[in-house]
Structures are given as structure tokens and as C-alpha cells.
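Peer 1: For reference, this is target_25.pdb, and it has PDB, C-alpha atoms, pLDDT in the B column.
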ATOM      1  CA  MET A   1       0.000   0.000   0.000  1.00 87.00           C
ATOM      2  CA  LEU A   2       1.375   3.385  -0.996  1.00 89.00           C
ATOM      3  CA  ASN A   3       0.035   6.347   0.967  1.00 89.00           C
ATOM      4  CA  GLN A   4       0.170  10.120   0.627  1.00 89.00           C
ATOM      5  CA  LEU A   5       1.186  10.077  -3.036  1.00 92.00           C
ATOM      6  CA  PRO A   6       1.382  13.558  -4.570  1.00 93.00           C
ATOM      7  CA  PRO A   7      -0.241  13.861  -8.021  1.00 94.00           C
ATOM      8  CA  ASN A   8       2.218  12.466 -10.564  1.00 95.00           C
ATOM      9  CA  THR A   9       2.892   9.482 -12.810  1.00 97.00           C
ATOM     10  CA  TYR A  10       4.622   6.615 -11.012  1.00 97.00           C
ATOM     11  CA  TYR A  11       6.441   3.559 -12.321  1.00 97.00           C
ATOM     12  CA  TRP A  12       6.685   0.428 -10.160  1.00 97.00           C
ATOM     13  CA  ARG A  13       8.389  -2.964 -10.313  1.00 97.00           C
ATOM     14  CA  ILE A  14       9.032  -5.802  -7.885  1.00 97.00           C
ATOM     15  CA  ALA A  15      11.817  -8.331  -7.166  1.00 97.00           C
ATOM     16  CA  SER A  16      11.419 -11.620  -5.295  1.00 98.00           C
ATOM     17  CA  VAL A  17      13.895 -12.290  -2.464  1.00 97.00           C
ATOM     18  CA  ASP A  18      14.889 -15.860  -1.563  1.00 96.00           C
ATOM     19  CA  ASN A  19      15.509 -17.423   1.857  1.00 95.00           C
ATOM     20  CA  PHE A  20      19.183 -16.426   1.731  1.00 94.00           C
ATOM     21  CA  GLY A  21      18.220 -12.767   1.279  1.00 95.00           C
ATOM     22  CA  LEU A  22      19.313 -12.681  -2.373  1.00 97.00           C
ATOM     23  CA  PRO A  23      17.070 -10.591  -4.644  1.00 97.00           C
ATOM     24  CA  GLY A  24      16.173 -11.791  -8.137  1.00 97.00           C
ATOM     25  CA  LYS A  25      15.940  -9.437 -11.074  1.00 96.00           C
ATOM     26  CA  PHE A  26      13.149  -6.881 -11.116  1.00 96.00           C
ATOM     27  CA  SER A  27       9.897  -7.492 -12.991  1.00 97.00           C
ATOM     28  CA  ASN A  28       8.887  -5.398 -15.973  1.00 97.00           C
ATOM     29  CA  HIS A  29       7.398  -2.145 -14.826  1.00 97.00           C
ATOM     30  CA  PHE A  30       3.834  -0.857 -14.702  1.00 98.00           C
ATOM     31  CA  ASN A  31       2.772   2.748 -14.324  1.00 97.00           C
ATOM     32  CA  PHE A  32      -0.166   4.669 -12.915  1.00 97.00           C
ATOM     33  CA  THR A  33      -1.115   8.319 -12.569  1.00 96.00           C
ATOM     34  CA  ILE A  34      -2.488   9.994  -9.467  1.00 95.00           C
ATOM     35  CA  GLN A  35      -4.949  12.784 -10.288  1.00 92.00           C
ATOM     36  CA  LEU A  36      -6.361  14.656  -7.334  1.00 87.00           C
ATOM     37  CA  ASP A  37      -9.253  17.053  -7.850  1.00 81.00           C
ATOM     38  CA  THR A  38      -9.020  19.542  -5.000  1.00 80.00           C
ATOM     39  CA  THR A  39     -11.516  22.007  -6.460  1.00 83.00           C
ATOM     40  CA  LEU A  40     -14.965  21.821  -4.865  1.00 83.00           C
ATOM     41  CA  PRO A  41     -17.651  20.729  -7.348  1.00 82.00           C
ATOM     42  CA  PHE A  42     -19.739  23.608  -8.638  1.00 85.00           C
ATOM     43  CA  LEU A  43     -23.511  23.608  -8.119  1.00 86.00           C
ATOM     44  CA  GLU A  44     -25.645  25.619 -10.480  1.00 85.00           C
ATOM     45  CA  VAL A  45     -29.285  26.104  -9.476  1.00 81.00           C
ATOM     46  CA  SER A  46     -31.872  27.512 -11.817  1.00 74.00           C
ATOM     47  CA  LEU A  47     -35.547  27.995 -11.048  1.00 65.00           C
ATOM     48  CA  VAL A  48     -38.045  26.986 -13.620  1.00 63.00           C
ATOM     49  CA  ASP A  49     -39.651  29.873 -15.490  1.00 62.00           C
ATOM     50  CA  GLU A  50     -37.305  32.322 -13.865  1.00 59.00           C
ATOM     51  CA  LEU A  51     -39.224  32.144 -10.588  1.00 57.00           C
ATOM     52  CA  ASN A  52     -37.518  33.845  -7.706  1.00 67.00           C
ATOM     53  CA  PHE A  53     -40.325  33.519  -5.213  1.00 71.00           C
ATOM     54  CA  SER A  54     -43.128  30.956  -4.805  1.00 73.00           C
ATOM     55  CA  LYS A  55     -45.958  30.303  -2.402  1.00 80.00           C
ATOM     56  CA  GLU A  56     -46.570  26.813  -3.787  1.00 80.00           C
ATOM     57  CA  LYS A  57     -45.861  23.749  -1.603  1.00 83.00           C
ATOM     58  CA  GLU A  58     -44.168  22.047  -4.457  1.00 84.00           C
ATOM     59  CA  PHE A  59     -42.142  23.376  -7.258  1.00 76.00           C
ATOM     60  CA  SER A  60     -39.239  22.036  -9.273  1.00 77.00           C
ATOM     61  CA  ILE A  61     -35.820  23.442  -9.769  1.00 79.00           C
ATOM     62  CA  ASN A  62     -32.948  22.405 -12.011  1.00 81.00           C
ATOM     63  CA  ILE A  63     -29.587  21.681 -10.455  1.00 85.00           C
ATOM     64  CA  HIS A  64     -26.498  21.131 -12.516  1.00 85.00           C
ATOM     65  CA  THR A  65     -23.123  19.932 -11.223  1.00 85.00           C
ATOM     66  CA  GLU A  66     -19.952  18.379 -12.630  1.00 79.00           C
ATOM     67  CA  LYS A  67     -20.023  14.754 -13.674  1.00 74.00           C
ATOM     68  CA  MET A  68     -18.521  12.039 -11.492  1.00 65.00           C
ATOM     69  CA  LEU A  69     -15.023  10.982 -12.422  1.00 57.00           C
ATOM     70  CA  ASN A  70     -15.429   7.325 -11.495  1.00 50.00           C
TER      71      ASN A  70
ATOM     72  CA  MET B   1      39.175   6.552 -11.133  1.00 59.00           C
ATOM     73  CA  LYS B   2      42.266   6.240 -13.363  1.00 62.00           C
ATOM     74  CA  ILE B   3      42.443   7.370 -16.978  1.00 62.00           C
ATOM     75  CA  ASN B   4      45.153   5.892 -19.199  1.00 65.00           C
ATOM     76  CA  LEU B   5      45.719   8.412 -21.972  1.00 62.00           C
ATOM     77  CA  LEU B   6      47.863   5.986 -24.000  1.00 61.00           C
ATOM     78  CA  ASN B   7      45.084   3.509 -24.626  1.00 63.00           C
ATOM     79  CA  ASN B   8      42.182   5.824 -23.691  1.00 63.00           C
ATOM     80  CA  LYS B   9      41.049   3.331 -21.047  1.00 65.00           C
ATOM     81  CA  THR B  10      39.367   4.278 -17.792  1.00 66.00           C
ATOM     82  CA  GLU B  11      39.555   2.173 -14.654  1.00 66.00           C
ATOM     83  CA  SER B  12      37.293   2.856 -11.745  1.00 68.00           C
ATOM     84  CA  ALA B  13      37.008   1.130  -8.409  1.00 69.00           C
ATOM     85  CA  VAL B  14      34.521   1.325  -5.590  1.00 71.00           C
ATOM     86  CA  LYS B  15      35.169   0.136  -2.054  1.00 74.00           C
ATOM     87  CA  LEU B  16      32.109  -1.178  -0.296  1.00 74.00           C
ATOM     88  CA  GLU B  17      32.484  -0.933   3.486  1.00 73.00           C
ATOM     89  CA  ILE B  18      29.025  -1.959   4.637  1.00 79.00           C
ATOM     90  CA  GLY B  19      25.455  -2.025   3.343  1.00 82.00           C
ATOM     91  CA  ASP B  20      23.796  -2.992   0.103  1.00 85.00           C
ATOM     92  CA  THR B  21      23.783  -1.343  -3.311  1.00 84.00           C
ATOM     93  CA  TYR B  22      22.618  -1.982  -6.846  1.00 88.00           C
ATOM     94  CA  TYR B  23      25.271  -1.358  -9.504  1.00 82.00           C
ATOM     95  CA  LYS B  24      24.287  -0.511 -13.064  1.00 83.00           C
ATOM     96  CA  LEU B  25      27.271   0.039 -15.334  1.00 78.00           C
ATOM     97  CA  PHE B  26      27.550   1.156 -18.912  1.00 71.00           C
ATOM     98  CA  LYS B  27      30.428  -1.109 -19.887  1.00 65.00           C
ATOM     99  CA  THR B  28      32.571  -0.743 -22.952  1.00 63.00           C
ATOM    100  CA  PRO B  29      35.933  -2.407 -23.672  1.00 62.00           C
ATOM    101  CA  LYS B  30      37.498   0.927 -22.720  1.00 59.00           C
ATOM    102  CA  LYS B  31      36.046   0.872 -19.232  1.00 62.00           C
ATOM    103  CA  GLU B  32      37.070  -1.374 -16.370  1.00 69.00           C
ATOM    104  CA  PHE B  33      35.291  -1.516 -13.056  1.00 73.00           C
ATOM    105  CA  ASN B  34      36.441  -3.158  -9.860  1.00 74.00           C
ATOM    106  CA  LEU B  35      34.658  -3.592  -6.592  1.00 76.00           C
ATOM    107  CA  ASN B  36      36.658  -3.937  -3.394  1.00 74.00           C
ATOM    108  CA  ILE B  37      34.808  -5.854  -0.708  1.00 75.00           C
ATOM    109  CA  GLN B  38      37.584  -6.230   1.862  1.00 70.00           C
ATOM    110  CA  GLU B  39      38.505  -9.952   1.984  1.00 77.00           C
ATOM    111  CA  VAL B  40      36.589 -11.024  -1.138  1.00 83.00           C
ATOM    112  CA  LYS B  41      38.392 -10.722  -4.477  1.00 86.00           C
ATOM    113  CA  THR B  42      36.033  -9.864  -7.316  1.00 87.00           C
ATOM    114  CA  LYS B  43      36.274  -9.889 -11.093  1.00 88.00           C
ATOM    115  CA  ILE B  44      33.387  -7.868 -12.440  1.00 88.00           C
ATOM    116  CA  ASN B  45      32.286  -8.536 -15.971  1.00 89.00           C
ATOM    117  CA  SER B  46      28.684  -7.643 -15.299  1.00 90.00           C
ATOM    118  CA  GLU B  47      26.638  -4.574 -16.113  1.00 88.00           C
ATOM    119  CA  TYR B  48      23.982  -5.074 -13.479  1.00 92.00           C
ATOM    120  CA  PHE B  49      24.384  -6.636 -10.049  1.00 93.00           C
ATOM    121  CA  TRP B  50      23.642  -6.205  -6.342  1.00 94.00           C
ATOM    122  CA  VAL B  51      26.012  -6.552  -3.377  1.00 93.00           C
ATOM    123  CA  ASP B  52      25.312  -6.562   0.340  1.00 92.00           C
ATOM    124  CA  LYS B  53      28.323  -6.387   2.649  1.00 89.00           C
ATOM    125  CA  GLN B  54      27.662  -7.077   6.294  1.00 89.00           C
ATOM    126  CA  GLU B  55      29.999  -7.848   9.208  1.00 87.00           C
ATOM    127  CA  ALA B  56      29.432 -11.608   9.099  1.00 89.00           C
ATOM    128  CA  GLN B  57      28.876 -12.187   5.391  1.00 89.00           C
ATOM    129  CA  THR B  58      28.716 -10.770   1.884  1.00 91.00           C
ATOM    130  CA  GLU B  59      25.942 -11.511  -0.605  1.00 94.00           C
ATOM    131  CA  VAL B  60      26.132 -10.990  -4.353  1.00 95.00           C
ATOM    132  CA  ALA B  61      23.329 -11.267  -6.924  1.00 96.00           C
ATOM    133  CA  ASN B  62      24.208 -10.978 -10.599  1.00 96.00           C
ATOM    134  CA  PHE B  63      21.697  -9.979 -13.277  1.00 96.00           C
ATOM    135  CA  LYS B  64      23.747  -9.365 -16.443  1.00 93.00           C
ATOM    136  CA  GLY B  65      27.179 -10.731 -17.439  1.00 91.00           C
ATOM    137  CA  GLU B  66      29.524 -12.652 -15.114  1.00 93.00           C
ATOM    138  CA  ILE B  67      31.105 -12.084 -11.716  1.00 92.00           C
ATOM    139  CA  SER B  68      33.931 -14.139 -10.193  1.00 92.00           C
ATOM    140  CA  LEU B  69      34.314 -14.238  -6.419  1.00 92.00           C
ATOM    141  CA  GLU B  70      37.438 -15.532  -4.715  1.00 90.00           C
ATOM    142  CA  GLU B  71      37.992 -16.117  -1.039  1.00 85.00           C
ATOM    143  CA  GLN B  72      40.242 -18.585   0.831  1.00 82.00           C
ATOM    144  CA  GLY B  73      41.710 -19.801  -2.480  1.00 86.00           C
ATOM    145  CA  SER B  74      38.292 -20.880  -3.734  1.00 89.00           C
ATOM    146  CA  GLU B  75      36.668 -19.194  -6.729  1.00 91.00           C
ATOM    147  CA  VAL B  76      33.107 -19.299  -8.024  1.00 94.00           C
ATOM    148  CA  THR B  77      31.670 -17.628 -11.109  1.00 96.00           C
ATOM    149  CA  LEU B  78      28.167 -16.202 -11.047  1.00 96.00           C
ATOM    150  CA  LYS B  79      26.385 -16.320 -14.373  1.00 96.00           C
ATOM    151  CA  GLU B  80      23.299 -14.296 -15.248  1.00 96.00           C
ATOM    152  CA  ASN B  81      20.591 -14.495 -12.567  1.00 97.00           C
ATOM    153  CA  GLN B  82      22.787 -16.363 -10.089  1.00 97.00           C
ATOM    154  CA  GLY B  83      23.845 -15.369  -6.600  1.00 97.00           C
ATOM    155  CA  SER B  84      26.166 -16.470  -3.819  1.00 96.00           C
ATOM    156  CA  THR B  85      26.825 -15.812  -0.158  1.00 94.00           C
ATOM    157  CA  ILE B  86      30.293 -15.645   1.390  1.00 92.00           C
ATOM    158  CA  ALA B  87      30.593 -15.996   5.154  1.00 91.00           C
ATOM    159  CA  LYS B  88      33.516 -14.040   6.623  1.00 87.00           C
ATOM    160  CA  GLY B  89      36.761 -16.004   6.221  1.00 86.00           C
ATOM    161  CA  LYS B  90      35.012 -18.840   4.355  1.00 90.00           C
ATOM    162  CA  ALA B  91      34.974 -19.952   0.726  1.00 91.00           C
ATOM    163  CA  PRO B  92      32.116 -18.591  -1.412  1.00 93.00           C
ATOM    164  CA  ASN B  93      29.040 -20.810  -1.578  1.00 94.00           C
ATOM    165  CA  GLN B  94      28.290 -22.434  -4.904  1.00 95.00           C
ATOM    166  CA  PRO B  95      26.195 -20.225  -7.216  1.00 96.00           C
ATOM    167  CA  LYS B  96      22.458 -20.648  -6.887  1.00 96.00           C
ATOM    168  CA  ASN B  97      19.759 -19.536  -9.280  1.00 97.00           C
ATOM    169  CA  LEU B  98      17.884 -16.426  -8.221  1.00 98.00           C
ATOM    170  CA  LEU B  99      14.090 -16.354  -8.052  1.00 98.00           C
ATOM    171  CA  ASN B 100      12.038 -15.100 -10.983  1.00 97.00           C
ATOM    172  CA  PRO B 101      10.237 -11.797 -10.502  1.00 97.00           C
ATOM    173  CA  PRO B 102       6.510 -11.816  -9.738  1.00 97.00           C
ATOM    174  CA  VAL B 103       3.926 -10.874 -12.368  1.00 97.00           C
ATOM    175  CA  LEU B 104       2.441  -7.441 -11.732  1.00 97.00           C
ATOM    176  CA  ILE B 105      -1.364  -7.354 -11.651  1.00 97.00           C
ATOM    177  CA  LEU B 106      -2.828  -4.066 -10.375  1.00 95.00           C
ATOM    178  CA  PRO B 107      -3.010  -1.194 -10.930  1.00 96.00           C
ATOM    179  CA  GLU B 108      -2.623  -1.872 -14.636  1.00 95.00           C
ATOM    180  CA  SER B 109      -0.415   0.416 -16.671  1.00 95.00           C
ATOM    181  CA  PHE B 110      -1.882   3.778 -17.611  1.00 96.00           C
ATOM    182  CA  SER B 111      -4.459   3.559 -14.786  1.00 95.00           C
ATOM    183  CA  LYS B 112      -5.734   6.898 -13.529  1.00 94.00           C
ATOM    184  CA  ILE B 113      -6.300   6.975  -9.784  1.00 94.00           C
ATOM    185  CA  PHE B 114      -8.310   9.733  -8.149  1.00 91.00           C
ATOM    186  CA  GLU B 115      -7.084   9.302  -4.571  1.00 91.00           C
ATOM    187  CA  ASN B 116      -3.627   9.445  -3.016  1.00 91.00           C
ATOM    188  CA  THR B 117      -3.556   5.846  -1.761  1.00 94.00           C
ATOM    189  CA  VAL B 118      -2.722   2.936  -4.066  1.00 95.00           C
ATOM    190  CA  THR B 119      -2.705  -0.779  -3.305  1.00 96.00           C
ATOM    191  CA  LEU B 120      -0.247  -2.761  -5.423  1.00 96.00           C
ATOM    192  CA  ASN B 121      -1.108  -6.301  -6.389  1.00 96.00           C
ATOM    193  CA  TRP B 122       1.154  -9.015  -7.824  1.00 97.00           C
ATOM    194  CA  SER B 123       1.338 -12.808  -8.160  1.00 97.00           C
ATOM    195  CA  SER B 124       3.244 -14.631  -5.425  1.00 96.00           C
ATOM    196  CA  VAL B 125       6.456 -16.480  -6.291  1.00 97.00           C
ATOM    197  CA  GLU B 126       7.189 -19.911  -4.815  1.00 96.00           C
ATOM    198  CA  ASN B 127       9.920 -19.853  -2.135  1.00 95.00           C
ATOM    199  CA  ALA B 128      10.032 -16.051  -1.996  1.00 97.00           C
ATOM    200  CA  SER B 129      10.609 -14.904   1.585  1.00 97.00           C
ATOM    201  CA  GLU B 130       9.854 -11.272   0.778  1.00 97.00           C
ATOM    202  CA  TYR B 131       9.482  -8.790  -2.072  1.00 97.00           C
ATOM    203  CA  TRP B 132      11.251  -5.533  -2.803  1.00 97.00           C
ATOM    204  CA  ILE B 133       9.178  -2.803  -4.418  1.00 97.00           C
ATOM    205  CA  GLU B 134      10.707   0.042  -6.355  1.00 96.00           C
ATOM    206  CA  VAL B 135       8.600   3.092  -7.231  1.00 97.00           C
ATOM    207  CA  ALA B 136      10.130   5.700  -9.523  1.00 96.00           C
ATOM    208  CA  ASN B 137       9.258   8.954 -11.210  1.00 96.00           C
ATOM    209  CA  ASP B 138      10.638   7.746 -14.557  1.00 96.00           C
ATOM    210  CA  SER B 139      10.454   4.535 -16.556  1.00 95.00           C
ATOM    211  CA  ARG B 140      14.229   4.010 -16.416  1.00 92.00           C
ATOM    212  CA  PHE B 141      14.124   4.085 -12.599  1.00 93.00           C
ATOM    213  CA  THR B 142      16.852   6.696 -12.355  1.00 90.00           C
ATOM    214  CA  SER B 143      14.755   8.873 -10.041  1.00 91.00           C
ATOM    215  CA  ILE B 144      13.570   6.592  -7.228  1.00 91.00           C
ATOM    216  CA  PHE B 145      10.534   7.836  -5.323  1.00 93.00           C
ATOM    217  CA  LYS B 146      10.411   4.965  -2.830  1.00 91.00           C
ATOM    218  CA  PHE B 147      12.185   1.635  -2.233  1.00 92.00           C
ATOM    219  CA  ILE B 148      10.228  -0.686   0.025  1.00 92.00           C
ATOM    220  CA  LYS B 149      11.758  -3.838   1.554  1.00 89.00           C
TER     221      LYS B 149
END
Mind turning this structure into C-alpha cells?
Peer 2:
Amino acid sequence: MLNQLPPNTYYWRIASVDNFGLPGKFSNHFNFTIQLDTTLPFLEVSLVDELNFSKEKEFSINIHTEKMLN
Amino acid sequence: MKINLLNNKTESAVKLEIGDTYYKLFKTPKKEFNLNIQEVKTKINSEYFWVDKQEAQTEVANFKGEISLEEQGSEVTLKENQGSTIAKGKAPNQPKNLLNPPVLILPESFSKIFENTVTLNWSSVENASEYWIEVANDSRFTSIFKFIK
């Protein structure tokens, strides 16, 4: 487990170690990219028909936000 | 490091006192490299190997080329992917084959991860007592971010 990784592309590979403590050659490498979105998602609210005030018990509003990344 | 201007040959030597190191050399016929590990005589004809020198014993793992180790009048030659241990004042142990690397599973290459914690996953290798993980900022592993034993 790798913790506290700053956003970046990382390359990783692994070697097996035998009972004598001798390492074998490293595997081929894989890579992955950490992308952290630190900006709060926006929330855009628009009232239907440009209503700013309503006495009705029910009314609908449209809310628009950014799409989920995963 | 010595440079012979007559034959344009460079000779370099490193003395390992204690600890372990990976050696990656760019060898050409014009370059000679020697490793001094106190009592153990070495002949390095390898471009990639690992040495661990401790008080009681020295361990050598060879990944590319050949390495000869001599101690107490006894010499062994490590071929590619072979290793040996040498107890202090004893002859080197016969070369043994090193373990194959594991197969990496997850995260797959080119994965995008949207959190700062990553769990690495790989296949286990029979008779492996542990695994060493190297994480780098470049694909040639010249800039190591973390080395986990």
C-alpha cells in the first residue's frame, strides 16, 4: 500500500527475495497516474420559469453539477 | 578513477564498506570496473548486479554478465541471474539460481487513480521470503521515489 502520493505518474516494479536474502531481477514495470481534484464541485441552481419567489408547496428546480469521475 | 591516456582506457574502483547497493554500469571495452569488498576478491564482468556487505557475510546477486568471487583460495563464477553468499573467512558458496520476478497485476499500466492511496497487487512467487518494491518517477528508474523492503 502506498500512501500520501502527490499527483504524478509513477512507475513500479518488484523483485522476489529468496531465503538467503538474495534478490532476483526486477519485474517489468507498470505505471499509474495519481490525479487529485481539490476544487470543490460547482452547483448551479436555476428555477423553472425564472421564478424567484413561490408560495406553492411544491415546485421544481434544475440543479447542474460536474459529472462524477469514477 | 584512473584514466590511461595511451590507450584511452578508464579504470574505476569502488570500495564497499558496509550495506547494500545496486550497480548498473555502462560497460565498454574501454572501461574497467572493480569492486573492493575487503577480503573477497572480485572480477566484475557484469553490467547489473547487487552486493550486500555485512559484518558476518557478503551476498552478491548478478543480473547481467559474469562475476567471479574468490575467497580462501576458492573461486566461483556467477552467471546471469545467479547469486552467492560468502561468510567471513570462508569460501564462497556455490552459485544458486535467483528467483524469478513476480507478475504485476494491479493497478494496470496507464491507470488513472483519483485518490492518493494505491494498493499494489502481484502474483506470489514460490519460495520467496519477501518482495522488494521500487517506485520511480521515470520509466528508467533513475529517479527513485520509494524503495520498500
Peer 1: I'd like the interatomic distance between CA of Tyr48 (chain B) and CA of Lys64 (chain B), to a tenth of an Å.
Peer 2: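 Value for the CA of Tyr48 (chain B)-CA of Lys64 (chain B) distance: 5.2 Å.
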Peer 1: For the structure shown, which residues end up in the PyMOL selection byres ((chain A) within 6 of (chain B))? Put them as number ranges by chain, please?
Peer 2: A: 1-5, 10-19, 24, 26-27, 30-36
Peer 1: Go ahead and compute the interatomic distance for CA of Leu43 (chain A) and CA of Pro7 (chain A), in Å to one decimal.
Peer 2: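 These two atoms are separated by 25.2 Å.
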Peer 1: Find the spatial neighbours of Lys90 (chain B), counting all atoms listed in the file, within a cut-off of 8 Å - ignore same-chain residues fewer than 4 positions away - and output them as a PyMOL selection string.
Peer 2: chain B and resi 71-72+86
Peer 1: With all atoms listed in the file as the counted atoms, please give the residues lying no more than 12 Å from Gly73 (chain B), apart from itself and same-chain residues fewer than 6 positions off, as a ChimeraX atom specification.
Peer 2: /B:39-41,89-92
Peer 1: How about completing region 25-48 of chain A with N, CA and C atoms and giving it to me as a PDB file, keeping the file's coordinate frame?
Peer 2:
ATOM      1  N   LYS A  25      16.053 -10.653 -10.247  1.00 96.00           N
ATOM      2  CA  LYS A  25      15.940  -9.437 -11.074  1.00 96.00           C
ATOM      3  C   LYS A  25      14.534  -8.850 -10.935  1.00 96.00           C
ATOM      4  N   PHE A  26      14.428  -7.570 -11.215  1.00 96.00           N
ATOM      5  CA  PHE A  26      13.149  -6.881 -11.116  1.00 96.00           C
ATOM      6  C   PHE A  26      12.218  -7.308 -12.254  1.00 96.00           C
ATOM      7  N   SER A  27      10.918  -7.230 -11.975  1.00 97.00           N
ATOM      8  CA  SER A  27       9.897  -7.492 -12.991  1.00 97.00           C
ATOM      9  C   SER A  27       9.917  -6.365 -14.024  1.00 97.00           C
ATOM     10  N   ASN A  28       9.160  -6.542 -15.100  1.00 97.00           N
ATOM     11  CA  ASN A  28       8.887  -5.398 -15.973  1.00 97.00           C
ATOM     12  C   ASN A  28       8.108  -4.373 -15.159  1.00 97.00           C
ATOM     13  N   HIS A  29       8.076  -3.148 -15.641  1.00 97.00           N
ATOM     14  CA  HIS A  29       7.398  -2.145 -14.826  1.00 97.00           C
ATOM     15  C   HIS A  29       5.998  -1.841 -15.330  1.00 97.00           C
ATOM     16  N   PHE A  30       5.164  -1.405 -14.418  1.00 98.00           N
ATOM     17  CA  PHE A  30       3.834  -0.857 -14.702  1.00 98.00           C
ATOM     18  C   PHE A  30       3.861   0.618 -14.326  1.00 98.00           C
ATOM     19  N   ASN A  31       2.858   1.356 -14.763  1.00 97.00           N
ATOM     20  CA  ASN A  31       2.772   2.748 -14.324  1.00 97.00           C
ATOM     21  C   ASN A  31       1.321   3.108 -13.986  1.00 97.00           C
ATOM     22  N   PHE A  32       1.169   4.132 -13.188  1.00 97.00           N
ATOM     23  CA  PHE A  32      -0.166   4.669 -12.915  1.00 97.00           C
ATOM     24  C   PHE A  32      -0.024   6.168 -12.657  1.00 97.00           C
ATOM     25  N   THR A  33      -1.139   6.873 -12.776  1.00 96.00           N
ATOM     26  CA  THR A  33      -1.115   8.319 -12.569  1.00 96.00           C
ATOM     27  C   THR A  33      -2.107   8.695 -11.473  1.00 96.00           C
ATOM     28  N   ILE A  34      -1.620   9.473 -10.523  1.00 95.00           N
ATOM     29  CA  ILE A  34      -2.488   9.994  -9.467  1.00 95.00           C
ATOM     30  C   ILE A  34      -3.016  11.357  -9.919  1.00 95.00           C
ATOM     31  N   GLN A  35      -4.328  11.501  -9.942  1.00 92.00           N
ATOM     32  CA  GLN A  35      -4.949  12.784 -10.288  1.00 92.00           C
ATOM     33  C   GLN A  35      -5.865  13.174  -9.142  1.00 92.00           C
ATOM     34  N   LEU A  36      -5.526  14.227  -8.448  1.00 87.00           N
ATOM     35  CA  LEU A  36      -6.361  14.656  -7.334  1.00 87.00           C
ATOM     36  C   LEU A  36      -7.104  15.919  -7.715  1.00 87.00           C
ATOM     37  N   ASP A  37      -8.413  15.886  -7.551  1.00 81.00           N
ATOM     38  CA  ASP A  37      -9.253  17.053  -7.850  1.00 81.00           C
ATOM     39  C   ASP A  37      -9.541  17.756  -6.528  1.00 81.00           C
ATOM     40  N   THR A  38      -8.862  18.840  -6.282  1.00 80.00           N
ATOM     41  CA  THR A  38      -9.020  19.542  -5.000  1.00 80.00           C
ATOM     42  C   THR A  38     -10.006  20.711  -5.095  1.00 80.00           C
ATOM     43  N   THR A  39     -10.545  20.923  -6.299  1.00 83.00           N
ATOM     44  CA  THR A  39     -11.516  22.007  -6.460  1.00 83.00           C
ATOM     45  C   THR A  39     -12.909  21.489  -6.085  1.00 83.00           C
ATOM     46  N   LEU A  40     -13.618  22.242  -5.254  1.00 83.00           N
ATOM     47  CA  LEU A  40     -14.965  21.821  -4.865  1.00 83.00           C
ATOM     48  C   LEU A  40     -15.859  21.776  -6.094  1.00 83.00           C
ATOM     49  N   PRO A  41     -16.766  20.788  -6.173  1.00 82.00           N
ATOM     50  CA  PRO A  41     -17.651  20.729  -7.348  1.00 82.00           C
ATOM     51  C   PRO A  41     -18.593  21.929  -7.376  1.00 82.00           C
ATOM     52  N   PHE A  42     -18.821  22.468  -8.541  1.00 85.00           N
ATOM     53  CA  PHE A  42     -19.739  23.608  -8.638  1.00 85.00           C
ATOM     54  C   PHE A  42     -21.181  23.103  -8.571  1.00 85.00           C
ATOM     55  N   LEU A  43     -22.084  23.952  -8.169  1.00 86.00           N
ATOM     56  CA  LEU A  43     -23.511  23.608  -8.119  1.00 86.00           C
ATOM     57  C   LEU A  43     -24.278  24.787  -8.700  1.00 86.00           C
ATOM     58  N   GLU A  44     -24.919  24.538  -9.811  1.00 85.00           N
ATOM     59  CA  GLU A  44     -25.645  25.619 -10.480  1.00 85.00           C
ATOM     60  C   GLU A  44     -27.148  25.353 -10.344  1.00 85.00           C
ATOM     61  N   VAL A  45     -27.853  26.284  -9.727  1.00 81.00           N
ATOM     62  CA  VAL A  45     -29.285  26.104  -9.476  1.00 81.00           C
ATOM     63  C   VAL A  45     -30.059  27.100 -10.326  1.00 81.00           C
ATOM     64  N   SER A  46     -31.032  26.586 -11.049  1.00 74.00           N
ATOM     65  CA  SER A  46     -31.872  27.512 -11.817  1.00 74.00           C
ATOM     66  C   SER A  46     -33.337  27.177 -11.577  1.00 74.00           C
ATOM     67  N   LEU A  47     -34.120  28.188 -11.286  1.00 65.00           N
ATOM     68  CA  LEU A  47     -35.547  27.995 -11.048  1.00 65.00           C
ATOM     69  C   LEU A  47     -36.279  27.959 -12.382  1.00 65.00           C
ATOM     70  N   VAL A  48     -37.267  27.100 -12.389  1.00 63.00           N
ATOM     71  CA  VAL A  48     -38.045  26.986 -13.620  1.00 63.00           C
ATOM     72  C   VAL A  48     -38.791  28.294 -13.867  1.00 63.00           C
TER      73      VAL A  48
END
